[in-house]
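The structure under discussion appears below in the form of structure tokens.
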Amino acid sequence: MSTLELEAREFHPFDAAGSSFIYLVPSAAVFRLDETTEAILDHLSAGPRPVDELCRSLAGRFAEEEVRSGIYDLMETRAIGPRGAPPEAMPVEVPSEDFPLTTMVLNVTAKCNLSCTYCYEYGEDQIVDQTSMPRYMDEKTARESVDFMLDQAGDHEVVNLTFFGGETLLNFKLLQSTLEYANRRGAEEGKRVRFSLTTNGTLLKPEVIEWLADNDVGVTISMDGPKDVNDQFRVLNNGMGSYEMIVPKVKKLLERHTTRPIGARVTLTQQNLDVHRIYRHLTEEVGFWEVGFAPVTTSSCHSYALDEASYQSMLEQFRELAFDWLEHAVQGRHHGFSNVRESIEEIHKGFSKAYPCGAGLGLVGVATDGDVNLCHRFAGSKDHQLGTVRDGIDRSKQAKFLEEHHIAYKPDCHSCWARPLCSGGCYHEAQTRYGTTSAPNLHYCDWIRSWTHTCLEVYGALAERNPSYLQHFEA
Amino acid sequence: MRKLKGINRKAAQIESHLDELRHSEQAGAQTPEGEEGAHDVVGLRTGSPPGDPHIPLGCTLIFSPGWETDASGGTAGLCQPVERDLFDCHLGCFWPAQVPDQLNHAPDWTSRCAAAEKDWRNVDLIFP
């Protein structure tokens, strides 16, 4: 006999493909329950119970040995524990100073040939006055940036260099010379540099497409969907829509450049929220390999900011598309909804994030003048500067940033089961909404939890119906 | 693990970690047999009889007076069953048991335990 009282610890239950699962919060592990463990957790959901009472009340359904065995497993994985035991301590380990840089985003120009109304770089929510920055990065700064990147990469054999803007291709000349220089310097250092860029597609001339394909440059195209959707916000300086100008060029790019998957990156707004239609158009009609969606980053006062009903609608459509993805994955087929693929990968690998992303740590953004910032979205912001490519990273500044932004110092997040995957959300979003990067993005907590729940359901169902597909996420 | 099936990579890590622990425990195991109540509370060192849950209770491994939890803040990693060694080990052991701070924090932790061998269950479980 034992008088020990047990209680449920921190986990999130979910059902998928007829089975019950738990997502353990401190460890980010996913376990499938059997009937006994499910019944034990069900009993404990009403509050702490002594072991003996638990065994007695489940005696009609399961042999005592089964129940005790279930309790044992649940205790070992810390899904349950003795009543009143303190929660798992949240480890506060700030990464060491020599944490290697794996990705550098190089803002090769601060200029853009489109005037998208919602743009965070130029619109009303801008953090940096773009006119105060050099319009184009010069050759010398680009080379210094490459040297800086290789120097900071530590033992990493592969480093990612992402070109960004403004409109990246406005400085095509610099892209060419920088790629050549980075390849040469990388070879000298025994490292491989992988290149990618984001563009609005307006300047995809035949010679540019050739260069992208020949040099294996990964490409992401920012566009919002069919003509009427895209042209609402993505307009030229004279107000004309950009769709007609972009699509033929993108199609040529997709035809010629087949070595890297080419994706579209869609900004969802209050006005443009037909996720299904956008997805179908961009994959079936334009031919993108994958499509990623993100709600517009803005303060809530703008007409294009998503209201609560729109977040709900986006969630429902994401959910349908996620289950569409599942059906494809069950049959071993590709589906291009990249939001769900990325989340499934994080769940499968058991990510438990101390920081929402690698900004200021494994990833930095470099402004046109060579200032090193948290990420490309903060390029040029003196308040978010970590150093310069010439003088390197100011380690004390970086350490202070990492200390202040650790999940352990976001008490609002400590009771949330989705924190291993969210960790408070995007710094730039927080800066725009709350005026500081260290605030958790409380305005979309419910959304994140619902979406993470959906992804767990998809993951559990995939693990039941076609576990071999999970191999895709092992790399 | 018999009742839970690990699905993701982190679960697999936990399973293999627990397997290793169990293996090393069983290597030196002398499972108590035949005694009444032997399956109730046992020292962690003795391992678990197959099919029986091992409910850990006992003194701490951390040499830090006033703390009654294991390194992770729980009680799962405590090493000895309270009924056997608590008082003895606290007073005379070469590696003394950690007991609550009886001057300040928990003066009454043994007040319901007149004779340890009979009443050890009444010793309070105390968290810092």
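All residue names refer to the structure tokens as shown: chains lettered A, B, ... in order, residues numbered from 1 in each chain, ligands numbered from 1 in order.
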Could you please write out, as a short mmCIF file (atom, residue, chain, number, x, y, z; two decimals) with N, CA and C atoms, in the first residue's frame, every residue of range 100-190 of chain A that DSSP assigns to strand (DSSP E)?
```
data_model
loop_
_atom_site.label_atom_id
_atom_site.label_comp_id
_atom_site.auth_asym_id
_atom_site.auth_seq_id
_atom_site.Cartn_x
_atom_site.Cartn_y
_atom_site.Cartn_z
N THR A 103 24.03 31.68 -40.71
CA THR A 103 23.35 32.41 -41.78
C THR A 103 23.59 33.91 -41.65
N MET A 104 23.99 34.52 -42.77
CA MET A 104 24.10 35.98 -42.79
C MET A 104 23.15 36.49 -43.87
N VAL A 105 22.31 37.42 -43.49
CA VAL A 105 21.40 38.04 -44.46
C VAL A 105 21.99 39.40 -44.84
N LEU A 106 22.30 39.52 -46.09
CA LEU A 106 23.00 40.71 -46.56
C LEU A 106 22.02 41.64 -47.28
N ASN A 107 21.75 42.79 -46.68
CA ASN A 107 20.86 43.75 -47.33
C ASN A 107 21.66 44.54 -48.37
N VAL A 158 29.33 24.41 -43.69
CA VAL A 158 28.41 25.06 -44.62
C VAL A 158 27.90 26.35 -43.99
N VAL A 159 27.96 27.44 -44.74
CA VAL A 159 27.44 28.71 -44.26
C VAL A 159 26.42 29.21 -45.29
N ASN A 160 25.37 29.83 -44.80
CA ASN A 160 24.33 30.33 -45.71
C ASN A 160 24.42 31.84 -45.86
N LEU A 161 24.46 32.25 -47.09
CA LEU A 161 24.48 33.69 -47.36
C LEU A 161 23.20 34.04 -48.12
N THR A 162 22.37 34.86 -47.50
CA THR A 162 21.09 35.24 -48.12
C THR A 162 21.14 36.70 -48.52
N PHE A 163 20.87 36.96 -49.79
CA PHE A 163 20.81 38.34 -50.26
C PHE A 163 19.40 38.87 -50.06
N PHE A 164 19.33 40.12 -49.62
CA PHE A 164 18.04 40.68 -49.27
C PHE A 164 18.04 42.16 -49.62
#
```
Practice problem: Once DSSP has gone over the backbone, tell me which residues of range 50-296 of chain A are in helix (DSSP H, G or I), as a PyMOL selection string. | Solution: chain A and resi 51-57+64-76+130-132+139-152+168-189+206-214+227-233+243-256+275-286
Take the residues from that selection and put them in a file with C-alpha atoms, as a CSV table (one decimal), in the first residue's frame.
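Writing done, so here's part21.csv:
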```
chain,number,residue,atom,x,y,z
A,51,VAL,CA,-1.9,5.9,-6.0
A,52,ASP,CA,-4.1,3.3,-4.2
A,53,GLU,CA,-7.3,5.2,-4.9
A,54,LEU,CA,-6.3,5.4,-8.6
A,55,CYS,CA,-5.7,1.7,-8.7
A,56,ARG,CA,-9.1,1.0,-7.0
A,57,SER,CA,-11.1,3.3,-9.2
A,64,GLU,CA,-3.8,-3.5,-11.0
A,65,GLU,CA,-0.5,-4.6,-12.4
A,66,GLU,CA,-1.4,-2.7,-15.6
A,67,VAL,CA,-2.4,0.4,-13.8
A,68,ARG,CA,0.8,0.4,-11.7
A,69,SER,CA,2.8,-0.2,-14.8
A,70,GLY,CA,1.1,2.8,-16.4
A,71,ILE,CA,1.8,5.0,-13.4
A,72,TYR,CA,5.4,3.9,-13.6
A,73,ASP,CA,5.8,4.9,-17.2
A,74,LEU,CA,4.0,8.2,-16.7
A,75,MET,CA,6.2,9.0,-13.7
A,76,GLU,CA,9.4,8.2,-15.5
A,130,GLN,CA,15.5,53.9,-45.1
A,131,THR,CA,16.5,57.3,-46.6
A,132,SER,CA,19.2,57.6,-43.9
A,139,GLU,CA,31.8,46.3,-53.1
A,140,LYS,CA,34.1,46.8,-50.2
A,141,THR,CA,31.4,46.4,-47.6
A,142,ALA,CA,30.1,43.2,-49.3
A,143,ARG,CA,33.6,41.7,-49.2
A,144,GLU,CA,34.1,42.6,-45.6
A,145,SER,CA,30.8,41.0,-44.8
A,146,VAL,CA,31.8,37.8,-46.5
A,147,ASP,CA,35.1,37.8,-44.5
A,148,PHE,CA,33.1,38.5,-41.3
A,149,MET,CA,30.7,35.6,-42.1
A,150,LEU,CA,33.5,33.1,-42.7
A,151,ASP,CA,35.3,34.3,-39.6
A,152,GLN,CA,32.3,33.9,-37.4
A,168,THR,CA,17.6,42.5,-53.9
A,169,LEU,CA,18.0,42.4,-57.7
A,170,LEU,CA,18.4,46.2,-58.0
A,171,ASN,CA,22.0,45.5,-57.0
A,172,PHE,CA,22.5,42.5,-59.3
A,173,LYS,CA,26.1,43.5,-60.1
A,174,LEU,CA,27.0,43.3,-56.4
A,175,LEU,CA,25.3,39.9,-56.1
A,176,GLN,CA,27.5,38.5,-58.9
A,177,SER,CA,30.8,39.8,-57.5
A,178,THR,CA,29.9,38.9,-54.0
A,179,LEU,CA,29.0,35.3,-54.9
A,180,GLU,CA,32.2,34.9,-56.8
A,181,TYR,CA,34.2,36.3,-53.9
A,182,ALA,CA,32.4,34.2,-51.3
A,183,ASN,CA,33.0,31.0,-53.3
A,184,ARG,CA,36.7,31.8,-53.6
A,185,ARG,CA,37.1,32.8,-50.0
A,186,GLY,CA,35.0,29.8,-48.8
A,187,ALA,CA,37.1,27.4,-50.7
A,188,GLU,CA,40.2,28.9,-49.1
A,189,GLU,CA,38.7,28.4,-45.7
A,206,PRO,CA,16.8,36.1,-68.7
A,207,GLU,CA,20.4,36.7,-67.8
A,208,VAL,CA,19.5,37.0,-64.1
A,209,ILE,CA,17.6,33.7,-64.3
A,210,GLU,CA,20.6,32.0,-66.0
A,211,TRP,CA,22.9,33.3,-63.3
A,212,LEU,CA,20.5,32.0,-60.5
A,213,ALA,CA,20.3,28.6,-62.1
A,214,ASP,CA,24.0,28.3,-62.9
A,227,LYS,CA,-3.9,39.2,-59.9
A,228,ASP,CA,-6.8,40.8,-58.0
A,229,VAL,CA,-5.2,39.8,-54.7
A,230,ASN,CA,-1.6,40.5,-55.5
A,231,ASP,CA,-2.3,43.9,-57.0
A,232,GLN,CA,-4.2,45.3,-54.0
A,233,PHE,CA,-1.0,46.0,-52.1
A,243,TYR,CA,1.2,40.9,-61.2
A,244,GLU,CA,1.4,41.1,-65.0
A,245,MET,CA,5.0,42.1,-64.8
A,246,ILE,CA,6.0,39.3,-62.5
A,247,VAL,CA,4.2,36.2,-63.5
A,248,PRO,CA,5.7,35.5,-66.9
A,249,LYS,CA,9.2,36.0,-65.4
A,250,VAL,CA,8.5,33.7,-62.5
A,251,LYS,CA,7.3,31.0,-64.9
A,252,LYS,CA,10.5,31.3,-66.9
A,253,LEU,CA,12.5,31.0,-63.7
A,254,LEU,CA,10.6,27.9,-62.6
A,255,GLU,CA,11.1,26.3,-66.0
A,256,ARG,CA,14.9,27.0,-66.0
A,275,VAL,CA,-5.7,31.0,-48.3
A,276,HIS,CA,-7.0,28.2,-50.4
A,277,ARG,CA,-7.4,30.2,-53.6
A,278,ILE,CA,-4.0,31.8,-53.1
A,279,TYR,CA,-2.4,28.4,-52.5
A,280,ARG,CA,-4.0,26.8,-55.5
A,281,HIS,CA,-3.2,29.7,-57.8
A,282,LEU,CA,0.5,29.8,-56.8
A,283,THR,CA,1.1,26.1,-57.0
A,284,GLU,CA,-1.2,24.9,-59.7
A,285,GLU,CA,-1.3,27.9,-62.0
A,286,VAL,CA,2.1,29.6,-61.5
```
Output as CSV one row per residue of chain A within 6 Å of chain B: the closest atom pair and its distance in Å to one decimal place, counting only C-alpha atoms, sorted by chain and residue number ascending.
```
residue,atom,partner,partner_atom,distance
A:Ala29,CA,B:Ala11,CA,4.6
A:Val30,CA,B:Ile7,CA,5.4
A:Phe31,CA,B:Gly6,CA,4.5
A:Arg32,CA,B:Lys5,CA,5.0
A:Leu33,CA,B:Leu4,CA,5.1
A:Asp34,CA,B:Lys3,CA,5.8
A:Arg68,CA,B:Pro53,CA,5.1
A:Ser69,CA,B:Pro53,CA,5.3
A:Gly70,CA,B:Lys3,CA,5.6
A:Tyr72,CA,B:Pro53,CA,4.4
A:Ala85,CA,B:Gly74,CA,5.9
A:His348,CA,B:Asn8,CA,4.8
A:Lys349,CA,B:Arg9,CA,5.3
A:Gly350,CA,B:Lys10,CA,5.0
```
Exercise. Skip Gly292 in chain A itself and residues of its chain fewer than 4 positions away, then list as an NGL selection string all residues within 12 Å of it, counting only C-alpha atoms.
Key: :A and (220-225 or 262-268 or 275 or 278-279 or 282-283 or 288 or 318 or 321 or 335-343)
Using the selection just defined, write its residues with C-alpha atoms as a PDB file, in the first residue's frame.
```pdb
ATOM      1  CA  THR A 220      11.958  32.999 -52.691  1.00  0.00           C
ATOM      2  CA  ILE A 221       9.485  35.200 -54.521  1.00  0.00           C
ATOM      3  CA  SER A 222       7.367  37.618 -52.530  1.00  0.00           C
ATOM      4  CA  MET A 223       3.924  37.635 -54.092  1.00  0.00           C
ATOM      5  CA  ASP A 224       0.431  37.459 -52.734  1.00  0.00           C
ATOM      6  CA  GLY A 225      -1.605  35.347 -55.154  1.00  0.00           C
ATOM      7  CA  ILE A 262      11.461  27.726 -55.395  1.00  0.00           C
ATOM      8  CA  GLY A 263       8.853  29.071 -53.030  1.00  0.00           C
ATOM      9  CA  ALA A 264       6.405  31.933 -52.821  1.00  0.00           C
ATOM     10  CA  ARG A 265       6.085  33.973 -49.669  1.00  0.00           C
ATOM     11  CA  VAL A 266       2.614  35.412 -49.179  1.00  0.00           C
ATOM     12  CA  THR A 267       1.589  38.253 -46.889  1.00  0.00           C
ATOM     13  CA  LEU A 268      -1.965  37.837 -45.627  1.00  0.00           C
ATOM     14  CA  VAL A 275      -5.722  31.043 -48.324  1.00  0.00           C
ATOM     15  CA  ILE A 278      -4.017  31.805 -53.149  1.00  0.00           C
ATOM     16  CA  TYR A 279      -2.396  28.435 -52.523  1.00  0.00           C
ATOM     17  CA  LEU A 282       0.469  29.848 -56.810  1.00  0.00           C
ATOM     18  CA  THR A 283       1.104  26.097 -56.961  1.00  0.00           C
ATOM     19  CA  PHE A 288       5.680  27.148 -57.236  1.00  0.00           C
ATOM     20  CA  PHE A 318      -4.551  26.664 -42.401  1.00  0.00           C
ATOM     21  CA  LEU A 321      -4.646  22.913 -45.825  1.00  0.00           C
ATOM     22  CA  HIS A 335       2.455  19.105 -50.845  1.00  0.00           C
ATOM     23  CA  GLY A 336       3.686  22.671 -50.927  1.00  0.00           C
ATOM     24  CA  PHE A 337       2.147  24.169 -47.778  1.00  0.00           C
ATOM     25  CA  SER A 338       5.446  25.050 -46.127  1.00  0.00           C
ATOM     26  CA  ASN A 339       4.039  26.408 -42.854  1.00  0.00           C
ATOM     27  CA  VAL A 340       2.893  22.957 -41.771  1.00  0.00           C
ATOM     28  CA  ARG A 341       5.995  21.185 -43.037  1.00  0.00           C
ATOM     29  CA  GLU A 342       8.227  23.443 -40.964  1.00  0.00           C
ATOM     30  CA  SER A 343       6.160  22.919 -37.812  1.00  0.00           C
TER      31      SER A 343
END
```
Quiz prompt | Interatomic distance (Å, one decimal) between CA of Cys113 in chain B and CA of Glu5 in chain A | solution =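 CA of Glu5 in chain A lies at a distance of 18.9 Å from CA of Cys113 in chain B.
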Self-check item: Non-local contacts of range 14-25 of chain A (9 Å; only C-alpha atoms; under 2 positions in same chain excluded) as number ranges by chain
Solution: A: 9-12, 27-35, 38, 77-79, 352, 416-420, 453, 456-462, 464-465
Keeping N, CA and C atoms, export the residues of the selection given above as a JSON list (two decimals), in the first residue's frame.
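Here's the written file part_19.json:
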```json
[["chain", "number", "residue", "atom", "x", "y", "z"],
["A", 9, "ARG", "N", 1.45, 16.53, -14.44],
["A", 9, "ARG", "CA", 2.42, 17.60, -14.62],
["A", 9, "ARG", "C", 2.13, 18.28, -15.95],
["A", 10, "GLU", "N", 3.16, 18.88, -16.55],
["A", 10, "GLU", "CA", 2.86, 19.74, -17.69],
["A", 10, "GLU", "C", 2.90, 18.98, -19.02],
["A", 11, "PHE", "N", 1.74, 18.78, -19.61],
["A", 11, "PHE", "CA", 1.68, 18.18, -20.94],
["A", 11, "PHE", "C", 0.45, 18.68, -21.66],
["A", 12, "HIS", "N", 0.43, 18.48, -22.98],
["A", 12, "HIS", "CA", -0.74, 18.85, -23.76],
["A", 12, "HIS", "C", -1.26, 17.60, -24.46],
["A", 27, "SER", "N", 10.07, 18.68, -22.02],
["A", 27, "SER", "CA", 11.00, 17.93, -22.86],
["A", 27, "SER", "C", 10.68, 17.99, -24.35],
["A", 28, "ALA", "N", 9.47, 18.42, -24.73],
["A", 28, "ALA", "CA", 9.03, 18.46, -26.14],
["A", 28, "ALA", "C", 8.95, 17.06, -26.75],
["A", 29, "ALA", "N", 8.77, 16.04, -25.90],
["A", 29, "ALA", "CA", 8.63, 14.67, -26.40],
["A", 29, "ALA", "C", 7.17, 14.37, -26.70],
["A", 30, "VAL", "N", 6.94, 13.53, -27.72],
["A", 30, "VAL", "CA", 5.57, 13.10, -28.05],
["A", 30, "VAL", "C", 5.46, 11.60, -27.78],
["A", 31, "PHE", "N", 4.50, 11.21, -26.95],
["A", 31, "PHE", "CA", 4.26, 9.80, -26.66],
["A", 31, "PHE", "C", 2.82, 9.44, -27.00],
["A", 32, "ARG", "N", 2.65, 8.21, -27.50],
["A", 32, "ARG", "CA", 1.30, 7.71, -27.69],
["A", 32, "ARG", "C", 0.88, 6.96, -26.42],
["A", 33, "LEU", "N", -0.34, 7.21, -25.97],
["A", 33, "LEU", "CA", -0.84, 6.56, -24.77],
["A", 33, "LEU", "C", -1.53, 5.25, -25.12],
["A", 34, "ASP", "N", -1.54, 4.30, -24.18],
["A", 34, "ASP", "CA", -2.44, 3.17, -24.37],
["A", 34, "ASP", "C", -3.70, 3.43, -23.52],
["A", 35, "GLU", "N", -4.61, 2.50, -23.49],
["A", 35, "GLU", "CA", -5.88, 2.76, -22.80],
["A", 35, "GLU", "C", -5.68, 3.01, -21.32],
["A", 38, "GLU", "N", -4.10, 6.44, -20.68],
["A", 38, "GLU", "CA", -5.10, 7.45, -21.00],
["A", 38, "GLU", "C", -6.10, 7.59, -19.85],
["A", 77, "THR", "N", 8.45, 9.43, -17.37],
["A", 77, "THR", "CA", 8.52, 10.47, -18.40],
["A", 77, "THR", "C", 8.10, 11.83, -17.84],
["A", 78, "ARG", "N", 7.73, 11.84, -16.57],
["A", 78, "ARG", "CA", 7.33, 13.05, -15.85],
["A", 78, "ARG", "C", 6.05, 13.68, -16.39],
["A", 79, "ALA", "N", 5.19, 12.84, -16.93],
["A", 79, "ALA", "CA", 3.86, 13.33, -17.30],
["A", 79, "ALA", "C", 3.03, 13.50, -16.02],
["A", 352, "SER", "N", 12.94, 22.49, -28.48],
["A", 352, "SER", "CA", 12.48, 23.20, -27.30],
["A", 352, "SER", "C", 13.32, 24.47, -27.25],
["A", 416, "CYS", "N", 2.40, 28.44, -20.59],
["A", 416, "CYS", "CA", 1.88, 28.07, -21.92],
["A", 416, "CYS", "C", 2.51, 26.78, -22.40],
["A", 417, "TRP", "N", 1.69, 25.83, -22.84],
["A", 417, "TRP", "CA", 2.22, 24.55, -23.28],
["A", 417, "TRP", "C", 2.91, 24.64, -24.64],
["A", 418, "ALA", "N", 2.65, 25.71, -25.39],
["A", 418, "ALA", "CA", 3.24, 25.80, -26.74],
["A", 418, "ALA", "C", 4.61, 26.49, -26.71],
["A", 419, "ARG", "N", 5.11, 26.83, -25.53],
["A", 419, "ARG", "CA", 6.34, 27.62, -25.48],
["A", 419, "ARG", "C", 7.57, 26.93, -26.08],
["A", 420, "PRO", "N", 7.69, 25.58, -26.05],
["A", 420, "PRO", "CA", 8.90, 25.01, -26.65],
["A", 420, "PRO", "C", 9.03, 25.35, -28.14],
["A", 453, "HIS", "N", -1.58, 22.97, -31.94],
["A", 453, "HIS", "CA", -2.43, 21.80, -31.68],
["A", 453, "HIS", "C", -2.75, 21.08, -33.00],
["A", 456, "LEU", "N", 0.25, 19.21, -34.16],
["A", 456, "LEU", "CA", 0.44, 17.98, -33.38],
["A", 456, "LEU", "C", -0.51, 16.89, -33.87],
["A", 457, "GLU", "N", -1.75, 17.28, -34.17],
["A", 457, "GLU", "CA", -2.71, 16.30, -34.69],
["A", 457, "GLU", "C", -2.23, 15.72, -36.02],
["A", 458, "VAL", "N", -1.74, 16.60, -36.88],
["A", 458, "VAL", "CA", -1.24, 16.14, -38.18],
["A", 458, "VAL", "C", -0.04, 15.22, -37.97],
["A", 459, "TYR", "N", 0.83, 15.63, -37.06],
["A", 459, "TYR", "CA", 2.03, 14.82, -36.79],
["A", 459, "TYR", "C", 1.66, 13.44, -36.25],
["A", 460, "GLY", "N", 0.76, 13.42, -35.27],
["A", 460, "GLY", "CA", 0.34, 12.14, -34.68],
["A", 460, "GLY", "C", -0.30, 11.24, -35.73],
["A", 461, "ALA", "N", -1.14, 11.83, -36.57],
["A", 461, "ALA", "CA", -1.82, 11.05, -37.61],
["A", 461, "ALA", "C", -0.80, 10.49, -38.61],
["A", 462, "LEU", "N", 0.18, 11.30, -38.95],
["A", 462, "LEU", "CA", 1.19, 10.84, -39.90],
["A", 462, "LEU", "C", 2.01, 9.70, -39.28],
["A", 464, "GLU", "N", 1.02, 7.57, -37.22],
["A", 464, "GLU", "CA", 0.21, 6.36, -37.19],
["A", 464, "GLU", "C", 0.02, 5.76, -38.59],
["A", 465, "ARG", "N", -0.19, 6.66, -39.54],
["A", 465, "ARG", "CA", -0.61, 6.17, -40.86],
["A", 465, "ARG", "C", 0.54, 5.93, -41.84]]
```
Practice problem: For CA of Cys301 in chain A and CA of Cys445 in chain A, quote the distance in Å rounded to one decimal. | Solution: 19.2 Å
Exercise. Between CA of Arg135 in chain A and CA of Gly360 in chain A, measure the distance and give it in Å to one decimal.
Key: 23.7 Å
